[in-house]
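Peer 1: So here's protein28.txt, just compact mmCIF, N, CA and C atoms and all ligand atoms:
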```txt
# COMPACT_ATOMS: atom_id res chain seq x y z
N MET A 1 -23.05 -28.89 -13.93
CA MET A 1 -23.65 -28.74 -15.27
C MET A 1 -22.63 -28.13 -16.24
N PRO A 2 -22.43 -28.73 -17.40
CA PRO A 2 -21.40 -28.25 -18.34
C PRO A 2 -21.58 -26.78 -18.73
N HIS A 3 -22.81 -26.36 -18.96
CA HIS A 3 -23.05 -24.99 -19.39
C HIS A 3 -22.57 -23.99 -18.34
N THR A 4 -22.87 -24.27 -17.08
CA THR A 4 -22.46 -23.38 -15.98
C THR A 4 -20.94 -23.36 -15.86
N GLU A 5 -20.31 -24.52 -15.95
CA GLU A 5 -18.85 -24.60 -15.87
C GLU A 5 -18.21 -23.77 -16.97
N GLU A 6 -18.76 -23.87 -18.18
CA GLU A 6 -18.21 -23.14 -19.31
C GLU A 6 -18.31 -21.63 -19.07
N GLN A 7 -19.46 -21.19 -18.60
CA GLN A 7 -19.65 -19.76 -18.33
C GLN A 7 -18.67 -19.28 -17.26
N LYS A 8 -18.48 -20.12 -16.25
CA LYS A 8 -17.59 -19.76 -15.15
C LYS A 8 -16.15 -19.58 -15.67
N SER A 9 -15.69 -20.50 -16.50
CA SER A 9 -14.32 -20.42 -16.99
C SER A 9 -14.11 -19.21 -17.89
N ILE A 10 -15.12 -18.81 -18.62
CA ILE A 10 -15.00 -17.65 -19.50
C ILE A 10 -14.76 -16.38 -18.69
N HIS A 11 -15.28 -16.34 -17.48
CA HIS A 11 -15.20 -15.12 -16.69
C HIS A 11 -14.12 -15.14 -15.62
N ASN A 12 -13.21 -16.10 -15.71
CA ASN A 12 -12.13 -16.14 -14.72
C ASN A 12 -10.82 -15.66 -15.32
N CYS A 13 -10.01 -15.01 -14.49
CA CYS A 13 -8.70 -14.52 -14.89
C CYS A 13 -7.85 -15.68 -15.41
N THR A 14 -7.16 -15.47 -16.53
CA THR A 14 -6.33 -16.54 -17.10
C THR A 14 -5.04 -16.74 -16.31
N VAL A 15 -4.77 -15.85 -15.36
CA VAL A 15 -3.59 -16.01 -14.51
C VAL A 15 -3.96 -16.65 -13.18
N CYS A 16 -4.83 -15.97 -12.43
CA CYS A 16 -5.07 -16.39 -11.04
C CYS A 16 -6.44 -17.01 -10.81
N GLY A 17 -7.31 -16.96 -11.82
CA GLY A 17 -8.62 -17.59 -11.67
C GLY A 17 -9.66 -16.74 -10.97
N GLN A 18 -9.28 -15.54 -10.56
CA GLN A 18 -10.25 -14.65 -9.92
C GLN A 18 -11.23 -14.15 -10.99
N PRO A 19 -12.40 -13.71 -10.56
CA PRO A 19 -13.36 -13.18 -11.55
C PRO A 19 -12.77 -12.01 -12.32
N ARG A 20 -13.11 -11.93 -13.58
CA ARG A 20 -12.63 -10.83 -14.41
C ARG A 20 -13.79 -10.31 -15.24
N HIS A 21 -13.58 -9.16 -15.84
CA HIS A 21 -14.57 -8.61 -16.75
C HIS A 21 -14.65 -9.53 -17.97
N GLN A 22 -15.85 -9.66 -18.49
CA GLN A 22 -16.09 -10.59 -19.61
C GLN A 22 -15.13 -10.38 -20.78
N LEU A 23 -14.81 -9.13 -21.09
CA LEU A 23 -13.98 -8.85 -22.27
C LEU A 23 -12.48 -8.81 -21.95
N ALA A 24 -12.14 -8.88 -20.68
CA ALA A 24 -10.72 -8.83 -20.31
C ALA A 24 -10.15 -10.24 -20.23
N TYR A 25 -8.83 -10.38 -20.36
CA TYR A 25 -8.22 -11.70 -20.28
C TYR A 25 -7.72 -12.00 -18.87
N CYS A 26 -7.64 -10.95 -18.06
CA CYS A 26 -7.24 -11.20 -16.67
C CYS A 26 -7.94 -10.22 -15.73
N CYS A 27 -7.80 -10.48 -14.45
CA CYS A 27 -8.48 -9.67 -13.45
C CYS A 27 -7.75 -8.33 -13.25
N ARG A 28 -8.33 -7.45 -12.48
CA ARG A 28 -7.74 -6.13 -12.23
C ARG A 28 -6.38 -6.22 -11.57
N THR A 29 -6.27 -7.13 -10.59
CA THR A 29 -5.00 -7.28 -9.87
C THR A 29 -3.87 -7.68 -10.82
N CYS A 30 -4.13 -8.69 -11.63
CA CYS A 30 -3.10 -9.17 -12.55
C CYS A 30 -2.81 -8.14 -13.63
N LYS A 31 -3.85 -7.45 -14.10
CA LYS A 31 -3.65 -6.41 -15.13
C LYS A 31 -2.75 -5.31 -14.58
N LYS A 32 -2.97 -4.94 -13.33
CA LYS A 32 -2.16 -3.90 -12.70
C LYS A 32 -0.68 -4.33 -12.65
N LEU A 33 -0.45 -5.58 -12.32
CA LEU A 33 0.93 -6.09 -12.27
C LEU A 33 1.55 -6.08 -13.67
N LEU A 34 0.77 -6.54 -14.65
CA LEU A 34 1.29 -6.62 -16.02
C LEU A 34 1.51 -5.25 -16.64
N ASP A 35 0.72 -4.26 -16.22
CA ASP A 35 0.80 -2.92 -16.80
C ASP A 35 1.84 -2.03 -16.12
N ARG A 36 2.49 -2.55 -15.09
CA ARG A 36 3.50 -1.73 -14.41
C ARG A 36 4.54 -1.24 -15.41
N SER A 37 4.83 0.02 -15.35
CA SER A 37 5.84 0.53 -16.28
C SER A 37 7.23 0.13 -15.78
N ASP A 38 8.13 0.00 -16.70
CA ASP A 38 9.50 -0.39 -16.37
C ASP A 38 10.26 0.86 -15.94
N ALA A 39 10.91 0.78 -14.80
CA ALA A 39 11.62 1.93 -14.24
C ALA A 39 12.71 2.43 -15.19
N ARG A 40 13.25 1.52 -15.99
CA ARG A 40 14.34 1.91 -16.90
C ARG A 40 13.82 2.21 -18.31
N GLY A 41 12.50 2.26 -18.45
CA GLY A 41 11.92 2.68 -19.73
C GLY A 41 11.94 1.63 -20.83
N ARG A 42 12.18 0.38 -20.45
CA ARG A 42 12.22 -0.67 -21.47
C ARG A 42 10.80 -1.07 -21.86
N GLN A 43 10.67 -1.57 -23.07
CA GLN A 43 9.39 -2.06 -23.56
C GLN A 43 9.21 -3.51 -23.10
N PRO A 44 8.24 -3.75 -22.21
CA PRO A 44 8.07 -5.13 -21.71
C PRO A 44 7.55 -6.08 -22.79
N ASN A 45 7.90 -7.34 -22.68
CA ASN A 45 7.32 -8.40 -23.51
C ASN A 45 6.12 -8.92 -22.73
N ARG A 46 4.94 -8.53 -23.19
CA ARG A 46 3.72 -8.82 -22.45
C ARG A 46 3.47 -10.32 -22.29
N ASP A 47 3.71 -11.08 -23.34
CA ASP A 47 3.50 -12.54 -23.25
C ASP A 47 4.46 -13.17 -22.26
N ALA A 48 5.71 -12.71 -22.26
CA ALA A 48 6.70 -13.25 -21.32
C ALA A 48 6.27 -12.95 -19.89
N ARG A 49 5.77 -11.75 -19.66
CA ARG A 49 5.33 -11.38 -18.31
C ARG A 49 4.08 -12.16 -17.90
N LEU A 50 3.18 -12.34 -18.86
CA LEU A 50 1.97 -13.10 -18.58
C LEU A 50 2.34 -14.54 -18.19
N ASN A 51 3.25 -15.15 -18.93
CA ASN A 51 3.69 -16.52 -18.61
C ASN A 51 4.38 -16.57 -17.24
N ALA A 52 5.20 -15.57 -16.95
CA ALA A 52 5.90 -15.53 -15.67
C ALA A 52 4.90 -15.43 -14.51
N LEU A 53 3.89 -14.62 -14.72
CA LEU A 53 2.88 -14.44 -13.67
C LEU A 53 2.09 -15.74 -13.47
N ARG A 54 1.75 -16.39 -14.58
CA ARG A 54 1.03 -17.68 -14.49
C ARG A 54 1.90 -18.71 -13.78
N ASP A 55 3.18 -18.75 -14.11
CA ASP A 55 4.08 -19.73 -13.48
C ASP A 55 4.23 -19.47 -11.99
N ALA A 56 4.14 -18.20 -11.59
CA ALA A 56 4.35 -17.84 -10.19
C ALA A 56 3.11 -18.09 -9.32
N TRP A 57 1.95 -18.22 -9.96
CA TRP A 57 0.70 -18.38 -9.21
C TRP A 57 0.57 -19.81 -8.70
N ASP A 58 0.40 -19.98 -7.39
CA ASP A 58 0.31 -21.33 -6.83
C ASP A 58 -1.12 -21.73 -6.49
N GLY A 59 -2.06 -20.90 -6.92
CA GLY A 59 -3.46 -21.17 -6.63
C GLY A 59 -3.97 -20.30 -5.50
N GLU A 60 -3.01 -19.71 -4.76
CA GLU A 60 -3.39 -18.85 -3.65
C GLU A 60 -2.56 -17.56 -3.63
N TYR A 61 -1.26 -17.72 -3.95
CA TYR A 61 -0.34 -16.58 -3.92
C TYR A 61 0.61 -16.63 -5.11
N PHE A 62 1.23 -15.46 -5.39
CA PHE A 62 2.36 -15.43 -6.32
C PHE A 62 3.60 -15.78 -5.52
N ARG A 63 4.46 -16.64 -6.10
CA ARG A 63 5.65 -17.11 -5.40
C ARG A 63 6.91 -16.66 -6.12
N CYS A 64 7.93 -16.32 -5.35
CA CYS A 64 9.22 -15.90 -5.89
C CYS A 64 9.88 -17.08 -6.63
N PHE A 65 10.36 -16.83 -7.83
CA PHE A 65 10.99 -17.88 -8.65
C PHE A 65 12.21 -18.49 -7.94
N TYR A 66 13.00 -17.68 -7.25
CA TYR A 66 14.25 -18.18 -6.66
C TYR A 66 14.09 -18.75 -5.26
N THR A 67 13.12 -18.25 -4.51
CA THR A 67 13.01 -18.65 -3.10
C THR A 67 11.72 -19.39 -2.77
N GLY A 68 10.70 -19.23 -3.59
CA GLY A 68 9.40 -19.80 -3.27
C GLY A 68 8.63 -18.97 -2.26
N TRP A 69 9.21 -17.83 -1.86
CA TRP A 69 8.51 -16.98 -0.89
C TRP A 69 7.21 -16.46 -1.46
N ARG A 70 6.25 -16.28 -0.57
CA ARG A 70 4.98 -15.66 -0.92
C ARG A 70 5.25 -14.17 -1.19
N LEU A 71 4.81 -13.69 -2.34
CA LEU A 71 5.11 -12.31 -2.72
C LEU A 71 4.00 -11.35 -2.33
N CYS A 72 4.42 -10.15 -2.02
CA CYS A 72 3.51 -9.06 -1.67
C CYS A 72 3.21 -8.27 -2.94
N ILE A 73 1.95 -7.93 -3.17
CA ILE A 73 1.62 -7.22 -4.41
C ILE A 73 1.10 -5.81 -4.18
N ASP A 74 1.01 -5.38 -2.93
CA ASP A 74 0.41 -4.07 -2.70
C ASP A 74 1.26 -3.10 -1.87
N ASP A 75 2.49 -3.48 -1.53
CA ASP A 75 3.35 -2.56 -0.78
C ASP A 75 4.74 -2.55 -1.43
N HIS A 76 4.97 -1.52 -2.25
CA HIS A 76 6.23 -1.48 -3.01
C HIS A 76 7.45 -1.28 -2.11
N ARG A 77 7.25 -1.02 -0.82
CA ARG A 77 8.37 -0.89 0.11
C ARG A 77 8.74 -2.21 0.76
N SER A 78 7.91 -3.22 0.56
CA SER A 78 8.17 -4.53 1.17
C SER A 78 9.34 -5.23 0.47
N PRO A 79 10.22 -5.90 1.22
CA PRO A 79 11.28 -6.68 0.59
C PRO A 79 10.73 -7.85 -0.22
N PHE A 80 9.48 -8.19 0.03
CA PHE A 80 8.85 -9.33 -0.65
C PHE A 80 7.93 -8.88 -1.79
N TYR A 81 8.04 -7.61 -2.16
CA TYR A 81 7.22 -7.05 -3.23
C TYR A 81 7.51 -7.78 -4.55
N LEU A 82 6.46 -8.10 -5.29
CA LEU A 82 6.59 -8.80 -6.57
C LEU A 82 7.29 -7.87 -7.58
N THR A 83 8.42 -8.32 -8.10
CA THR A 83 9.12 -7.55 -9.14
C THR A 83 9.36 -8.43 -10.36
N TRP A 84 9.55 -7.77 -11.50
CA TRP A 84 9.90 -8.49 -12.73
C TRP A 84 11.40 -8.69 -12.73
N GLU A 85 11.81 -9.92 -12.84
CA GLU A 85 13.23 -10.24 -12.75
C GLU A 85 13.70 -10.79 -14.10
N HIS A 86 14.73 -10.15 -14.65
CA HIS A 86 15.29 -10.56 -15.94
C HIS A 86 16.36 -11.62 -15.68
N ARG A 87 16.11 -12.85 -16.11
CA ARG A 87 17.07 -13.93 -15.83
C ARG A 87 18.41 -13.61 -16.47
N THR A 88 18.36 -13.04 -17.66
CA THR A 88 19.55 -12.42 -18.25
C THR A 88 19.28 -10.92 -18.20
N PRO A 89 20.18 -10.15 -17.59
CA PRO A 89 19.90 -8.73 -17.43
C PRO A 89 19.43 -8.05 -18.72
N ARG A 90 18.37 -7.29 -18.59
CA ARG A 90 17.77 -6.48 -19.65
C ARG A 90 17.10 -7.28 -20.77
N ASP A 91 17.03 -8.59 -20.66
CA ASP A 91 16.35 -9.40 -21.67
C ASP A 91 14.88 -9.55 -21.28
N GLU A 92 14.03 -8.79 -21.94
CA GLU A 92 12.60 -8.77 -21.62
C GLU A 92 11.88 -10.06 -22.01
N ASP A 93 12.54 -10.89 -22.80
CA ASP A 93 11.89 -12.11 -23.27
C ASP A 93 12.00 -13.27 -22.29
N ASP A 94 12.88 -13.12 -21.29
CA ASP A 94 13.10 -14.20 -20.33
C ASP A 94 12.94 -13.66 -18.92
N ILE A 95 11.69 -13.63 -18.49
CA ILE A 95 11.31 -12.94 -17.27
C ILE A 95 10.73 -13.93 -16.26
N VAL A 96 11.01 -13.71 -14.98
CA VAL A 96 10.33 -14.43 -13.90
C VAL A 96 9.90 -13.37 -12.88
N VAL A 97 9.13 -13.78 -11.89
CA VAL A 97 8.84 -12.83 -10.82
C VAL A 97 9.66 -13.24 -9.60
N ALA A 98 10.14 -12.22 -8.89
CA ALA A 98 10.99 -12.47 -7.72
C ALA A 98 10.74 -11.40 -6.68
N ALA A 99 11.02 -11.73 -5.43
CA ALA A 99 10.92 -10.76 -4.35
C ALA A 99 11.91 -9.62 -4.62
N ALA A 100 11.49 -8.40 -4.30
CA ALA A 100 12.32 -7.22 -4.56
C ALA A 100 13.73 -7.38 -3.99
N ILE A 101 13.84 -7.93 -2.79
CA ILE A 101 15.16 -8.04 -2.16
C ILE A 101 16.06 -9.02 -2.91
N ILE A 102 15.48 -10.07 -3.47
CA ILE A 102 16.25 -11.03 -4.26
C ILE A 102 16.66 -10.41 -5.59
N ASN A 103 15.74 -9.67 -6.19
CA ASN A 103 16.05 -8.97 -7.44
C ASN A 103 17.18 -7.96 -7.21
N ASP A 104 17.16 -7.27 -6.08
CA ASP A 104 18.23 -6.33 -5.74
C ASP A 104 19.56 -7.07 -5.59
N MET A 105 19.53 -8.22 -4.93
CA MET A 105 20.75 -9.00 -4.74
C MET A 105 21.31 -9.49 -6.07
N LYS A 106 20.45 -9.95 -6.93
CA LYS A 106 20.89 -10.50 -8.22
C LYS A 106 21.39 -9.38 -9.12
N SER A 107 20.69 -8.27 -9.08
CA SER A 107 21.13 -7.07 -9.80
C SER A 107 21.47 -7.36 -11.26
N ASP A 108 22.69 -7.08 -11.68
CA ASP A 108 23.10 -7.23 -13.08
C ASP A 108 23.69 -8.60 -13.39
N LEU A 109 23.51 -9.56 -12.50
CA LEU A 109 24.05 -10.89 -12.76
C LEU A 109 23.06 -11.71 -13.59
N THR A 110 23.59 -12.61 -14.40
CA THR A 110 22.73 -13.58 -15.06
C THR A 110 22.31 -14.59 -13.99
N GLU A 111 21.32 -15.39 -14.31
CA GLU A 111 20.87 -16.39 -13.34
C GLU A 111 22.02 -17.34 -12.98
N ASP A 112 22.79 -17.75 -13.96
CA ASP A 112 23.91 -18.67 -13.70
C ASP A 112 24.98 -18.01 -12.81
N GLU A 113 25.31 -16.76 -13.10
CA GLU A 113 26.31 -16.04 -12.28
C GLU A 113 25.80 -15.91 -10.84
N PHE A 114 24.52 -15.56 -10.71
CA PHE A 114 23.90 -15.40 -9.39
C PHE A 114 23.96 -16.70 -8.60
N ARG A 115 23.57 -17.79 -9.23
CA ARG A 115 23.59 -19.09 -8.54
C ARG A 115 25.01 -19.48 -8.11
N ARG A 116 25.97 -19.28 -9.01
CA ARG A 116 27.36 -19.63 -8.68
C ARG A 116 27.87 -18.78 -7.52
N LEU A 117 27.53 -17.48 -7.54
CA LEU A 117 27.97 -16.59 -6.47
C LEU A 117 27.34 -16.97 -5.13
N ILE A 118 26.04 -17.23 -5.11
CA ILE A 118 25.35 -17.57 -3.87
C ILE A 118 25.88 -18.88 -3.30
N ILE A 119 26.06 -19.87 -4.17
CA ILE A 119 26.60 -21.16 -3.71
C ILE A 119 28.02 -20.98 -3.20
N GLY A 120 28.82 -20.17 -3.91
CA GLY A 120 30.19 -19.88 -3.48
C GLY A 120 30.22 -19.20 -2.13
N LEU A 121 29.35 -18.23 -1.94
CA LEU A 121 29.27 -17.54 -0.66
C LEU A 121 28.85 -18.48 0.46
N ALA A 122 27.86 -19.31 0.17
CA ALA A 122 27.36 -20.26 1.18
C ALA A 122 28.49 -21.19 1.62
N ASP A 123 29.25 -21.71 0.66
CA ASP A 123 30.37 -22.59 0.99
C ASP A 123 31.41 -21.85 1.83
N TYR A 124 31.67 -20.60 1.46
CA TYR A 124 32.65 -19.79 2.19
C TYR A 124 32.16 -19.50 3.61
N PHE A 125 30.92 -19.10 3.74
CA PHE A 125 30.35 -18.77 5.05
C PHE A 125 30.30 -19.99 5.96
N ARG A 126 30.14 -21.17 5.38
CA ARG A 126 30.07 -22.41 6.18
C ARG A 126 31.45 -22.99 6.45
N GLY A 127 32.48 -22.32 5.95
CA GLY A 127 33.83 -22.80 6.18
C GLY A 127 34.22 -23.96 5.29
N ARG A 128 33.49 -24.19 4.23
CA ARG A 128 33.79 -25.30 3.33
C ARG A 128 34.79 -24.92 2.24
N SER A 129 35.05 -23.64 2.11
CA SER A 129 36.07 -23.21 1.14
C SER A 129 36.82 -22.01 1.71
N GLU A 130 38.05 -21.83 1.24
CA GLU A 130 38.93 -20.76 1.74
C GLU A 130 38.59 -19.41 1.14
N THR A 131 37.93 -19.45 -0.01
CA THR A 131 37.63 -18.20 -0.71
C THR A 131 36.39 -18.42 -1.58
N VAL A 132 35.88 -17.32 -2.11
CA VAL A 132 34.75 -17.40 -3.04
C VAL A 132 35.32 -17.26 -4.45
N LEU A 133 35.00 -18.22 -5.30
CA LEU A 133 35.50 -18.15 -6.68
C LEU A 133 35.00 -16.87 -7.33
N GLU A 134 35.89 -16.20 -8.03
CA GLU A 134 35.51 -14.97 -8.72
C GLU A 134 34.57 -15.30 -9.87
N ILE A 135 33.64 -14.38 -10.07
CA ILE A 135 32.78 -14.52 -11.24
C ILE A 135 33.14 -13.39 -12.20
N ASN A 136 32.72 -13.53 -13.43
CA ASN A 136 32.97 -12.49 -14.43
C ASN A 136 31.62 -11.99 -14.94
N PRO A 137 31.05 -11.00 -14.22
CA PRO A 137 29.69 -10.57 -14.57
C PRO A 137 29.63 -9.88 -15.94
N LEU A 138 29.03 -10.57 -16.89
CA LEU A 138 29.02 -10.11 -18.29
C LEU A 138 28.19 -8.84 -18.51
N TYR A 139 27.20 -8.60 -17.64
CA TYR A 139 26.28 -7.49 -17.88
C TYR A 139 26.45 -6.36 -16.87
N TYR A 140 27.50 -6.41 -16.11
CA TYR A 140 27.74 -5.37 -15.10
C TYR A 140 28.21 -4.10 -15.78
N THR A 141 27.44 -3.04 -15.63
CA THR A 141 27.74 -1.81 -16.38
C THR A 141 27.73 -0.58 -15.50
N ARG A 142 28.42 -0.57 -14.38
CA ARG A 142 28.40 0.62 -13.52
C ARG A 142 29.74 1.33 -13.51
ZN ZN B 201 -5.75 -12.45 -11.90
```
Using the file provided, produce a representation of the structure as structure tokens.
Peer 2:
Amino acid sequence: MPHTEEQKSIHNCTVCGQPRHQLAYCCRTCKKLLDRSDARGRQPNRDARLNALRDAWDGEYFRCFYTGWRLCIDDHRSPFYLTWEHRTPRDEDDIVVAAAIINDMKSDLTEDEFRRLIIGLADYFRGRSETVLEINPLYYTR
């Protein structure tokens, strides 16, 4: 029945489809993820994070942007914990979600630098190249 369908859609989370409070736009789980404070004190771009979360939802789980791994949302010590990943370091407008361990590996690299490094390492580890091409990390600030 159309009326029932309409009522149902009004009360579902706009990210994961779980039931939500009538006046809220998303469920408690998604709100908690979106409201996480940034460890470095940056002001998050809420729309960018909302889109990233929607993109990561596969209908059952949140998936890591780089690996497709199923992400953990309730154990911050897990290597698969859902983290906000800046495709360009510190750019809050271009965000994806990624497993904590992948975010740690990528660190201050841009997505392009990260991909080039990983592919370079893979070729080196497989014996397909004599060395790993150097990268010039533009955002490395340590
Ligand atoms: Zn939700």
Peer 1: Can you build me a table of chain A residues sitting at most 6 Å from ligand ZN 201 (chain B), with the closest atom pair per residue and its distance in Å to one decimal, using only C-alpha atoms and all ligand atoms, sorted by chain and residue number, as a tab-separated table?
Peer 2:
```
residue	atom	partner	partner_atom	distance
A:Cys13	CA	B:ZN201	ZN	4.7
A:Val15	CA	B:ZN201	ZN	4.9
A:Cys16	CA	B:ZN201	ZN	4.1
A:Gly17	CA	B:ZN201	ZN	5.9
A:Gln18	CA	B:ZN201	ZN	5.4
A:Cys26	CA	B:ZN201	ZN	5.2
A:Cys27	CA	B:ZN201	ZN	4.2
A:Thr29	CA	B:ZN201	ZN	5.6
A:Cys30	CA	B:ZN201	ZN	4.3
```
Peer 1: Smallest atom-to-atom distance to Ala48 (chain A): which of A:Met105, A:Ala24, A:Ile73, A:Val96, using all atoms listed in the file?
Peer 2: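 Comparing A:Met105, A:Ala24, A:Ile73, A:Val96 against Ala48 (chain A), the winner is A:Val96.
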Peer 1: What is the distance, in Å and to one decimal place, between atom N of Thr141 (chain A) and atom N of Thr88 (chain A)?
Peer 2: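 It comes out at 13.7 Å.
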Peer 1: Could you pull out the strand (DSSP E or B) residues of chain A from DSSP and send them as a PyMOL selection string?
Peer 2: chain A and resi 12+19+57+62-63+70+72+81-86+95-99
Peer 1: For Gly120 (chain A), find every residue with an atom within 6.5 Å (counting only N, CA and C atoms), except residues of its own chain fewer than 3 positions away, and show them as a list of chain:residue names.
Peer 2: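 After dropping sequence-adjacent residues, the list is A:Arg115, A:Arg116, A:Leu117, A:Asp123, A:Tyr124, A:Phe125, A:Thr131, A:Val132, A:Leu133.
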Peer 1: Per DSSP on the backbone, filter region 21-113 of chain A down to the residues in helix (DSSP H, G or I) and report them as a count of residues only.
Peer 2: 28
Peer 1: List the spatial neighbours of Pro89 (chain A) as a compact mmCIF listing (two decimals) with N, CA and C atoms, keeping the file's coordinate frame - criterion: any atom at most 9 Å away, only C-alpha atoms, same-chain residues fewer than 3 positions off excluded.
Peer 2:
```txt
# COMPACT_ATOMS: atom_id res chain seq x y z
N GLU A 85 11.81 -9.92 -12.84
CA GLU A 85 13.23 -10.24 -12.75
C GLU A 85 13.70 -10.79 -14.10
N HIS A 86 14.73 -10.15 -14.65
CA HIS A 86 15.29 -10.56 -15.94
C HIS A 86 16.36 -11.62 -15.68
N GLU A 92 14.03 -8.79 -21.94
CA GLU A 92 12.60 -8.77 -21.62
C GLU A 92 11.88 -10.06 -22.01
N SER A 107 20.69 -8.27 -9.08
CA SER A 107 21.13 -7.07 -9.80
C SER A 107 21.47 -7.36 -11.26
N ASP A 108 22.69 -7.08 -11.68
CA ASP A 108 23.10 -7.23 -13.08
C ASP A 108 23.69 -8.60 -13.39
N LEU A 109 23.51 -9.56 -12.50
CA LEU A 109 24.05 -10.89 -12.76
C LEU A 109 23.06 -11.71 -13.59
N THR A 110 23.59 -12.61 -14.40
CA THR A 110 22.73 -13.58 -15.06
C THR A 110 22.31 -14.59 -13.99
N GLU A 111 21.32 -15.39 -14.31
CA GLU A 111 20.87 -16.39 -13.34
C GLU A 111 22.02 -17.34 -12.98
N TYR A 139 27.20 -8.60 -17.64
CA TYR A 139 26.28 -7.49 -17.88
C TYR A 139 26.45 -6.36 -16.87
N TYR A 140 27.50 -6.41 -16.11
CA TYR A 140 27.74 -5.37 -15.10
C TYR A 140 28.21 -4.10 -15.78
```
Peer 1: Add whatever atoms are absent from region 120-135 of chain A to reach N, CA, C and O atoms, and provide the output as a compact mmCIF listing (two decimals), keeping the file's coordinate frame.
Peer 2:
```
# COMPACT_ATOMS: atom_id res chain seq x y z
N GLY A 120 28.82 -20.17 -3.91
CA GLY A 120 30.19 -19.88 -3.48
C GLY A 120 30.22 -19.20 -2.13
O GLY A 120 31.04 -19.54 -1.26
N LEU A 121 29.35 -18.23 -1.94
CA LEU A 121 29.27 -17.54 -0.66
C LEU A 121 28.85 -18.48 0.46
O LEU A 121 29.41 -18.45 1.56
N ALA A 122 27.86 -19.31 0.17
CA ALA A 122 27.36 -20.26 1.18
C ALA A 122 28.49 -21.19 1.62
O ALA A 122 28.69 -21.41 2.83
N ASP A 123 29.25 -21.71 0.66
CA ASP A 123 30.37 -22.59 0.99
C ASP A 123 31.41 -21.85 1.83
O ASP A 123 31.95 -22.40 2.80
N TYR A 124 31.67 -20.60 1.46
CA TYR A 124 32.65 -19.79 2.19
C TYR A 124 32.16 -19.50 3.61
O TYR A 124 32.91 -19.67 4.59
N PHE A 125 30.92 -19.10 3.74
CA PHE A 125 30.35 -18.77 5.05
C PHE A 125 30.30 -19.99 5.96
O PHE A 125 30.39 -19.88 7.17
N ARG A 126 30.14 -21.17 5.38
CA ARG A 126 30.07 -22.41 6.18
C ARG A 126 31.45 -22.99 6.45
O ARG A 126 31.56 -24.06 7.05
N GLY A 127 32.48 -22.32 5.95
CA GLY A 127 33.83 -22.80 6.18
C GLY A 127 34.22 -23.96 5.29
O GLY A 127 35.20 -24.66 5.57
N ARG A 128 33.49 -24.19 4.23
CA ARG A 128 33.79 -25.30 3.33
C ARG A 128 34.79 -24.92 2.24
O ARG A 128 35.26 -25.76 1.50
N SER A 129 35.05 -23.64 2.11
CA SER A 129 36.07 -23.21 1.14
C SER A 129 36.82 -22.01 1.71
O SER A 129 36.32 -21.30 2.58
N GLU A 130 38.05 -21.83 1.24
CA GLU A 130 38.93 -20.76 1.74
C GLU A 130 38.59 -19.41 1.14
O GLU A 130 38.94 -18.37 1.68
N THR A 131 37.93 -19.45 -0.01
CA THR A 131 37.63 -18.20 -0.71
C THR A 131 36.39 -18.42 -1.58
O THR A 131 35.92 -19.53 -1.73
N VAL A 132 35.88 -17.32 -2.11
CA VAL A 132 34.75 -17.40 -3.04
C VAL A 132 35.32 -17.26 -4.45
O VAL A 132 36.05 -16.31 -4.73
N LEU A 133 35.00 -18.22 -5.30
CA LEU A 133 35.50 -18.15 -6.68
C LEU A 133 35.00 -16.87 -7.33
O LEU A 133 33.84 -16.49 -7.19
N GLU A 134 35.89 -16.20 -8.03
CA GLU A 134 35.51 -14.97 -8.72
C GLU A 134 34.57 -15.30 -9.87
O GLU A 134 34.71 -16.32 -10.52
N ILE A 135 33.64 -14.38 -10.07
CA ILE A 135 32.78 -14.52 -11.24
C ILE A 135 33.14 -13.39 -12.20
O ILE A 135 33.78 -12.41 -11.80
```
